[in-house]
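Report on the following structure.
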Amino acid sequence: MIHITLPDGSVKTFDENVTPMDVAKSISEGFARNVISANFNGTTIETVTPLTTDGSLVLYTWKDDEGKTAFWHSSAHVLAQAIEELYSDAKLTIGPAIDNGFYYDVDFGEQTVSEKDFKAIENKMLEIARGKHEFKMRSASKAEALELYKGNEFKTELIENLEDGTITFCDHATFTDLCRGGHIPNTGIIKAVKILSVAGAYWRGNENNPQLTRVYATSFPKQKELTEYLTLLEEAKKRDHRKLGKELELFTFSQKVGQGLPLWLPKGAALRERLENFLKAAQKKAGYEMVITPHIGQKELYVTSGHYAKYGADSFQPITTPKADEEFLLKPMNCPHHCEIYNSAQWSYKDLPKRYAEFGTVYRYEQSGELHGLTRVRGFTQDDAHLFCMPEQLDKEFKYVIDLVLYVFGSLGFENFTAQVSVRDPKNPDKYIGDVENWEKAEQAIINAATDKGLDFIIEEGEAAFYGPKLDFMVKDALGRKWQLGTIQVDYNLPERFDLTYKGSDNELHRPVMIHRAPFGSMERFVALLLEHTGGNFPLWLMPVQVIILSISEKYEKYSEKVLNLLENDEIRALVDHRNETIGKKIRESEMQKHPYMIIIGEQEEQEGKISVRQHGGEDLGMISVDDFSTIIKNEIKKTLKSF
């Protein structure tokens with residue numbers, strides 16, 4: 001007999017070789033019908049895998065993220081089979097589950113795939129799915145695996161890097177694929193599929209390797225869910241920050257400047273400046289001091305910090321100077337520079353904490369295929385701050401930073417979020433620097449602070465930074481998509497590597513603890529996500545132009561300028577549209593520019609000394625005085641932008 005522990009803590013006894021599906025049926029037949037994946041003692045397994053030892057079992061349905069991963073991973077196998085049957089020259093490579101679906105990278109040889117072929121692939125996938133073929137795992141020797149894929153150099157390369165005795169295949173219907181496991185019970189659970197797009201992708205992400213075709217797709221257990229998802233995708237296209245950024249004249253890119261290096265246009269620069277000033281004001285109240293550091297640093301700086309060992313080979317390469325053996329790097333992180341600022345003086349325990357903040361631009365060489373608008377760039381500005389405190393101050397300071405992050409989210413309309421405590425992967429210690437004791441202290445400090453602040457959080461192994469654990473904020477946007485925004489990290493290691501000290505009350509030197517903090521993360525990515533979350537309808541306090549004044553004809557321009565001056569005196573950002581266009585065209589174009597308010601000026605408005613006000617979206621507020629309108633604007637801003 002074996003003992004199986006379930007997530008609620010209950011323990012059930014079964015005969016040896018019981019399967020996860022048997023356990024599910026012992027709970028409820030109805031529940032078992034919805035179980036599509038399982039995890040035993042931390043390892044994803046099939047629902048038919050025999051259990052031979054005591055252990056902890058988690059059963060997943062479509063409602064669980066892990067269940068969706070198994071569903072989409074299995075769907076990738078069905079996609080691969082469909083491609084293999086439809087394209088005789090196709091060489092399959094890899095096909096993982098991703099957020100909201102899956103993809104498969106394929107070498108199609110002389111054949112090509114385009115949008116006109118999508119329907120045929122979908123039909124073939126559904127035909128295969130209707131066969132209700134079971135997914136069956138089996139082991140194979142290295143020799144057998146190499147023989148199976150002797151004509152496929154991509155699979156062969158994967159197998160060559162595997163140890164004999166660790167190689168497994170998954171079979172369903174007449175199809176076989178190299179696979180580690182983690183499938184749904186059978187193909188029949190897949191009821192709806194959609195090929196979304198095709199794109200180029202280098203083998204194993206290396207641009208020196210052959211280029212493959214990446215086929216993106218998604219699948220669902222119900223057609224209704226696919227329909228809802230496709231509707232969401234259409235809305236996401238309308239909100240694409242690249243589209244809105246162009247329409248609202250916020251930013252652009254230039255091939256001559258370089259890929260992944262955004263150029264901020266006047267309206268975008270003004271938007272960024274308001275975001276920076278907003279955070280600077282809150283930071284000032286919280287006791288931060290602004291600093292400025294160079295865009296480059298000597299290579300040795302990043303060797304000391306550990307960044308060069310971790311990222312140097314894949315980043316911008318060293319810059320040489322006329323002086324022999326002198327090398328600089330484009331700054332990949334601000335923290336080493338801030339450590340050296342701290343090191344510029346000897347501090348006492350009475351001086352701590354020291355809180356240094358900077359909107360510092362950093363550079364990282366992202367692969368060209370990974371670049372995406374403002375969300376993945378090669379040069380970006382972090383709203384970075386580093387706090388140096390005594391160990392006994394860590395809890396209080398960390399909670400203050402949580403308060404700041406929550407203030408930023410609240411002021412910008414990000415109400416729906418969860419927190420993630422990102423800790424080490426204990427099975428992969430080489431990924432991290434520093435000793436275990438310091439890591440344990442840092443991880444526990446974050447867990448305690450998140451608990452005390454009442455945050456809804458999960459613990460995620462393997463997601464820590466190489467120098468310390470962190471608290472990441474996962475925000476759900478207006479379309480229900482999750483984004484990582486804002487991070488707070490506890491670091492015992494960089495103070496050690498940079499030999500940072502302070503003189504304690506015992507007159508001895510002690511090591512401070514370092515907190516890394518970035519509520520926005522990066523200005524570029526934050527603006528992109530804010531654009532998509534709001535659809536370009538930013539909070540009123542942030543809008544580049546809060547009010548556009550539209551005169552019906554040239555006769556009323558003088559009064560329009562008077563209204564403009566009155567609004568500007570009240571620090572309301574307004575513009576007069578002087579163009580010789582019809583009022584209808586001006587209104588339509590103002591709607592496209594998403595101006596929150598339009599003021600219409602004509603004969604009656606001028607005679608009565610009032611203004612006619614129209615809100616973005618078409619609501620008419622009627623004719624009111626300029627003073628009353630200013631009050632409306634101020635009250636709306638006050639309601640959103642609370643003081644920190």
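Going through the structure tokens in order, the chains are called A, B, and so on, while each chain numbers its residues from 1 and the ligands are numbered from 1 in the order shown.
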
Point to revise | Nearby residues (only C-alpha atoms) at most 7 Å from range 519-523 of chain A, same-chain spacing under 5 positions excluded, as a ChimeraX atom specification | key: /A:380-383,405,485-487

Point to revise | Long-range neighbours of range 449-461 of chain A as a list in words, 6 Å cut-off, only C-alpha atoms, 5 positions minimum in chain | key: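 Once the nearby chain positions are removed, what remains is Thr418, Ala419, Gln420, Val421, Ser422, Val423, Arg424 and Asp425 of chain A.
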
Exercise for review: Write down as a VMD selection string the residues of range 348-459 of chain A whose backbone DSSP state falls under strand (DSSP E or B).
Suggested key: chain A and resid 348 354 to 363 372 376 379 to 389 417 to 423 457 to 459

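The protein and nucleic acid residues lying at most 10 Å from Met592 in chain A are Leu244, Glu247, Leu248, Gly536, Lys586, Ile587, Arg588 and His616 of chain A, with only C-alpha atoms considered and sequence neighbours fewer than 4 positions away removed.
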
Give me the residues near Gly55 in chain A as a short mmCIF file (atom, residue, chain, number, x, y, z; two decimals) with all heavy atoms, in the first residue's frame, where near means some atom within 10 Å (using only C-alpha atoms) and where sequence neighbours in that chain fewer than 5 positions away do not count.
```cif
data_model
loop_
_atom_site.label_atom_id
_atom_site.label_comp_id
_atom_site.auth_asym_id
_atom_site.auth_seq_id
_atom_site.Cartn_x
_atom_site.Cartn_y
_atom_site.Cartn_z
N ILE A 2 0.38 2.32 -0.67
CA ILE A 2 1.11 3.59 -0.65
C ILE A 2 0.17 4.70 -0.15
O ILE A 2 -1.05 4.59 -0.24
CB ILE A 2 1.66 3.96 -2.05
CG1 ILE A 2 0.54 4.06 -3.08
CG2 ILE A 2 2.72 2.97 -2.50
CD1 ILE A 2 0.99 4.60 -4.43
N HIS A 3 0.78 5.76 0.38
CA HIS A 3 0.01 6.87 0.94
C HIS A 3 0.18 8.10 0.05
O HIS A 3 1.30 8.56 -0.19
CB HIS A 3 0.49 7.19 2.36
CG HIS A 3 0.43 6.00 3.29
ND1 HIS A 3 -0.76 5.49 3.76
CD2 HIS A 3 1.42 5.19 3.78
CE1 HIS A 3 -0.51 4.44 4.52
NE2 HIS A 3 0.82 4.23 4.55
N ILE A 4 -0.96 8.63 -0.43
CA ILE A 4 -0.96 9.78 -1.34
C ILE A 4 -1.50 10.99 -0.59
O ILE A 4 -2.64 10.97 -0.08
CB ILE A 4 -1.82 9.50 -2.59
CG1 ILE A 4 -1.32 8.25 -3.31
CG2 ILE A 4 -1.81 10.72 -3.51
CD1 ILE A 4 0.10 8.33 -3.81
N THR A 5 -0.69 12.04 -0.52
CA THR A 5 -1.10 13.28 0.14
C THR A 5 -1.65 14.25 -0.90
O THR A 5 -0.99 14.54 -1.91
CB THR A 5 0.09 13.94 0.86
OG1 THR A 5 0.65 13.00 1.79
CG2 THR A 5 -0.35 15.19 1.61
N LEU A 6 -2.87 14.75 -0.67
CA LEU A 6 -3.52 15.68 -1.58
C LEU A 6 -3.28 17.13 -1.14
O LEU A 6 -2.86 17.38 0.00
CB LEU A 6 -5.02 15.37 -1.65
CG LEU A 6 -5.35 13.95 -2.17
CD1 LEU A 6 -6.84 13.67 -2.08
CD2 LEU A 6 -4.86 13.79 -3.61
N VAL A 11 -4.71 12.53 3.46
CA VAL A 11 -3.88 11.42 2.99
C VAL A 11 -4.78 10.24 2.67
O VAL A 11 -5.63 9.84 3.48
CB VAL A 11 -2.84 11.02 4.05
CG1 VAL A 11 -2.00 9.84 3.55
CG2 VAL A 11 -1.94 12.20 4.40
N PHE A 40 3.39 14.81 -9.39
CA PHE A 40 3.68 13.94 -8.25
C PHE A 40 5.06 14.26 -7.72
O PHE A 40 6.06 14.21 -8.45
CB PHE A 40 3.60 12.47 -8.69
CG PHE A 40 3.68 11.49 -7.55
CD1 PHE A 40 2.69 11.46 -6.58
CD2 PHE A 40 4.74 10.60 -7.44
CE1 PHE A 40 2.75 10.55 -5.52
CE2 PHE A 40 4.82 9.69 -6.39
CZ PHE A 40 3.81 9.68 -5.42
N ASN A 41 5.09 14.66 -6.45
CA ASN A 41 6.36 15.03 -5.79
C ASN A 41 7.15 16.06 -6.60
O ASN A 41 8.38 15.98 -6.74
CB ASN A 41 7.22 13.78 -5.55
CG ASN A 41 6.63 12.88 -4.46
OD1 ASN A 41 5.85 13.34 -3.63
ND2 ASN A 41 7.00 11.62 -4.47
N GLY A 42 6.42 17.03 -7.15
CA GLY A 42 7.07 18.14 -7.85
C GLY A 42 7.40 17.89 -9.30
O GLY A 42 7.96 18.76 -9.97
#
```

Exercise for review: Please indicate the distance in Å from CA of Val78 in chain A to CA of Asn34 in chain A, rounded to one decimal place.
Suggested key: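 Straight-line distance from CA of Val78 in chain A to CA of Asn34 in chain A works out to 20.2 Å.
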
Check your understanding: Which residues in range 465-498 of chain A does DSSP call helix (DSSP H, G or I)? List them as a PyMOL selection string.
Key -> chain A and resi 493-497

Dump of N, CA, C and O atoms for the selected residues, as a compact mmCIF listing (two decimals), in the first residue's frame:
```
# COMPACT_ATOMS: atom_id res chain seq x y z
N ASN A 493 24.42 40.02 -1.34
CA ASN A 493 25.63 39.63 -2.07
C ASN A 493 26.43 40.80 -2.65
O ASN A 493 27.66 40.81 -2.53
N LEU A 494 25.77 41.77 -3.29
CA LEU A 494 26.53 42.89 -3.84
C LEU A 494 27.24 43.70 -2.75
O LEU A 494 28.39 44.12 -2.96
N PRO A 495 26.62 43.94 -1.58
CA PRO A 495 27.38 44.61 -0.52
C PRO A 495 28.66 43.85 -0.16
O PRO A 495 29.69 44.46 0.17
N GLU A 496 28.62 42.53 -0.24
CA GLU A 496 29.80 41.70 0.03
C GLU A 496 30.83 41.89 -1.08
O GLU A 496 32.02 42.10 -0.82
N ARG A 497 30.38 41.82 -2.33
CA ARG A 497 31.29 41.88 -3.46
C ARG A 497 31.95 43.25 -3.60
O ARG A 497 33.08 43.37 -4.08
```

**Study point:** Å distance separating CA of Cys389 in chain A from CA of Gly287 in chain A, one decimal place
**Key:**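 According to the coordinates, CA of Cys389 in chain A and CA of Gly287 in chain A are separated by 13.0 Å.
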
Check your understanding: Out of A:Thr227, A:Ser612, A:Asn343, A:Thr13, which residue has the shortest atom-to-atom distance to Asp628 in chain A when counting only C-alpha atoms?
Key ->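 The closest residue to Asp628 in chain A is A:Ser612.
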
Review point. Which residues come within 7 Å of range 436-439 of chain A, counting only C-alpha atoms, excluding same-chain residues fewer than 3 positions away, as a PyMOL selection string?
Key: chain A and resi 442-443+468+492

Check your understanding: Which residues, written as a list in words, have at least one atom at most 8 Å from Tyr104 in chain A, with only C-alpha atoms counted and residues fewer than 4 positions away on the same chain left out?
Key ->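 The residues satisfying every condition are Ala76, Leu79, Ala80, Leu92, Thr93, Ile94, Gly95, Pro96, Arg214, Val215 and Tyr216 of chain A.
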
**Study point:** Close residues, Pro221 in chain A itself excluded, 9 Å, only C-alpha atoms, min 6 positions apart in chain, as a list in words
**Key:** Trp62, Phe71, Gly188, Ile189, Ile190, Lys191 and Ala192 of chain A

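Comparing the minimum interatomic distances between Trp72 in chain A and each of A:Ser139, A:Met1, A:Gly182, A:Glu127, counting only C-alpha atoms, we find that A:Gly182 sits nearest.
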
Revision key, fill the gap. Of A:Ile195, A:Ile611, A:Leu531, A:Met598, the one nearest to Leu250 in chain A when counting only C-alpha atoms is A:Leu531

Review point. With only C-alpha atoms as the atoms that count, which of A:Tyr407, A:Trp483, A:Phe118, A:Phe154 lies nearest to Tyr202 in chain A?
Key: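 Nearest to Tyr202 in chain A: A:Phe154.
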
Exercise for review: Rounded to one decimal place, report the CA of Met390 in chain A-CA of Cys335 in chain A distance in Å.
Suggested key: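 Answer for the CA of Met390 in chain A to CA of Cys335 in chain A separation: 17.9 Å.
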
**Study point:** For Val545 in chain A, the nearest of the candidates A:Gln593, A:Thr166, A:Thr582, A:Thr174, counting only C-alpha atoms
**Key:**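 Result for the nearest residue to Val545 in chain A: A:Gln593.
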
Check your understanding: Restricting the calculation to only C-alpha atoms, which member of A:Phe175, A:Phe414, A:Tyr60, A:Tyr342 is positioned closest to Ile83 in chain A?
Key -> A:Phe175
